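Working notes, structure below.
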Amino acid sequence: MSPKPKVLVVEDDLDSYQALSKILKHVGYETLSAATLADARTLLGQAPRFLVLDLLLPDGNGRDLLREVRDSELPVKVAVLTAAADKQLLDEVRALKPDALFGKPLDVPRLLAWLRQGGTGPSDL
C-alpha cells in the first residue's frame with residue numbers, strides 16, 4: 001500500500017483548518033497543519049506533496065512562503081487561498097506562479113479536483 005499524499009494546510013482560522021483537514025483525511029490524504037509561517041517552514045521539512053496556503057497569517061504573508069518555496073525549487077504543488085481583494089497583492093502572488101489560486105469561501109470540490117489531478121486541476125487563476 002502506498003503512503004497517503006501529504007497536504008500541508010497553512011491556515012490560521014482553526015474552524016476552517018479543522019473542517020478542511022477532516023474532509024482531506026476522509027478522501028485519503030494525510031494532513032499537516034500550520035497556523036503561522038514559522039510553523040509552515042518547519043513542516044515543509046516533512047516533504048508534503050501539496051501546500052494549501054492562506055495569504056493573511058498572524059506572523060506575515062503567505063506570499064513570502066510561496067516565494068521561498070519557488071526560490072528553493074521545492075517539489076510541492078501550491079494552492080493559494082485568499083479572501084484578499086488587494087489587486088497589488090494578488091498580482092504579486094500570481095507573479096510567483098502558484099499552481100492554483102482559490103478564493104474564499106473555499107469551493108472544496110474544486111480543491112479536491114485539483115488535488116486528485118496532482119495539482120493541475122481547475123482553480124481561480
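Each chain of the C-alpha cells is named A, B, ... in the order shown, its residues numbered from 1; ligands are numbered from 1 in display order.
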Worksheet item: If you run DSSP on this backbone, which residues of chain A come out as strand (DSSP E), and could you give them as a PyMOL selection string?
Response: chain A and resi 6-10+30-34+50-54+56-57+60-61+77-82+100-103
Practice prompt. Extract the full set of alpha helix (DSSP H) residues from stretch 45-117 of chain A according to DSSP on the backbone, and format it as a count of residues only.
Written response: 29
Fill in: Contacts of stretch 40-50 of chain A within 6 Å, only C-alpha atoms, excl. fewer than 4 positions in-chain, as a PyMOL selection string
chain A and resi 6-7+34+76-78
Worksheet, complete the sentence: Using only C-alpha atoms, the best pick from A:Leu20, A:Ala95, A:Leu90, A:Val52 as closest to A:Gly119 would be A:Val52
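Counting only C-alpha atoms and comparing A:Lys4, A:Arg116, A:Arg94, A:Lys104, the residue that lies closest to A:Leu66 is A:Arg94.
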Worksheet item: Which is closer to A:Gln117 than all the others in A:Gly62, A:Ala100, A:Pro105, A:Ala83, using only C-alpha atoms?
Response: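 Closest to A:Gln117 of all the choices is A:Ala100.
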Fill in: One-decimal distance in Å that lies between atom CA of A:Arg63 and atom CA of A:Asp91
10.6 Å
Practice prompt. Would you kindly return, as a PyMOL selection string, each protein, DNA or RNA residue with an atom no farther than 12 Å from any atom of A:Ala113, considering only C-alpha atoms and excluding same-chain residues fewer than 3 positions away?
Written response: chain A and resi 24+27+100+107-110+116-123
Mind dumping the selected residues with N, CA and C atoms as an mmCIF file, in the first residue's frame?
data_model
loop_
_atom_site.group_PDB
_atom_site.id
_atom_site.type_symbol
_atom_site.label_atom_id
_atom_site.label_comp_id
_atom_site.auth_asym_id
_atom_site.auth_seq_id
_atom_site.Cartn_x
_atom_site.Cartn_y
_atom_site.Cartn_z
ATOM 1 N N LEU A 24 -10.155 16.244 3.925
ATOM 2 C CA LEU A 24 -8.974 15.681 3.256
ATOM 3 C C LEU A 24 -8.649 14.282 3.780
ATOM 4 N N VAL A 27 -11.031 11.637 2.389
ATOM 5 C CA VAL A 27 -10.822 11.227 0.994
ATOM 6 C C VAL A 27 -9.413 10.669 0.743
ATOM 7 N N ALA A 100 -2.207 26.959 -8.175
ATOM 8 C CA ALA A 100 -3.641 27.254 -8.157
ATOM 9 C C ALA A 100 -3.895 28.424 -7.225
ATOM 10 N N ASP A 107 -14.197 26.728 -2.414
ATOM 11 C CA ASP A 107 -15.009 25.750 -3.133
ATOM 12 C C ASP A 107 -14.290 24.407 -2.967
ATOM 13 N N VAL A 108 -14.678 23.645 -1.960
ATOM 14 C CA VAL A 108 -13.979 22.405 -1.610
ATOM 15 C C VAL A 108 -13.967 21.396 -2.757
ATOM 16 N N PRO A 109 -15.076 21.177 -3.474
ATOM 17 C CA PRO A 109 -14.999 20.235 -4.596
ATOM 18 C C PRO A 109 -13.951 20.636 -5.646
ATOM 19 N N ARG A 110 -13.778 21.917 -5.885
ATOM 20 C CA ARG A 110 -12.743 22.354 -6.843
ATOM 21 C C ARG A 110 -11.348 22.073 -6.311
ATOM 22 N N ARG A 116 -6.807 15.745 -6.763
ATOM 23 C CA ARG A 116 -6.905 14.461 -7.467
ATOM 24 C C ARG A 116 -6.135 14.475 -8.782
ATOM 25 N N GLN A 117 -6.052 15.649 -9.403
ATOM 26 C CA GLN A 117 -5.343 15.762 -10.686
ATOM 27 C C GLN A 117 -3.867 16.101 -10.473
ATOM 28 N N GLY A 118 -3.387 15.883 -9.268
ATOM 29 C CA GLY A 118 -1.964 16.083 -8.998
ATOM 30 C C GLY A 118 -1.539 17.523 -8.949
ATOM 31 N N GLY A 119 -2.461 18.417 -8.635
ATOM 32 C CA GLY A 119 -2.122 19.837 -8.554
ATOM 33 C C GLY A 119 -2.160 20.539 -9.893
ATOM 34 N N THR A 120 -2.915 19.990 -10.819
ATOM 35 C CA THR A 120 -3.006 20.625 -12.138
ATOM 36 C C THR A 120 -4.443 20.887 -12.553
ATOM 37 N N GLY A 121 -5.376 20.665 -11.662
ATOM 38 C CA GLY A 121 -6.792 20.820 -11.999
ATOM 39 C C GLY A 121 -7.248 22.263 -12.004
ATOM 40 N N PRO A 122 -8.552 22.467 -11.991
ATOM 41 C CA PRO A 122 -9.127 23.805 -12.091
ATOM 42 C C PRO A 122 -8.842 24.657 -10.864
ATOM 43 N N SER A 123 -8.695 25.942 -11.088
ATOM 44 C CA SER A 123 -8.533 26.895 -9.994
ATOM 45 C C SER A 123 -9.101 28.228 -10.441
#
Fill in: Nearest to A:Leu57 by atom-to-atom distance, counting only C-alpha atoms, from A:Leu112, A:Leu101, A:Ala38, A:Leu8
A:Ala38
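Minimum atom-to-atom distance to A:Gly60, evaluated using only C-alpha atoms, belongs to A:Val10 out of A:Lys87, A:Val10, A:Tyr29, A:Leu115.
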Worksheet item: Which is closest to A:Glu73 among A:Asp13, A:Asn61, A:Leu53, A:Leu96, if we use only C-alpha atoms?
Response: A:Leu96
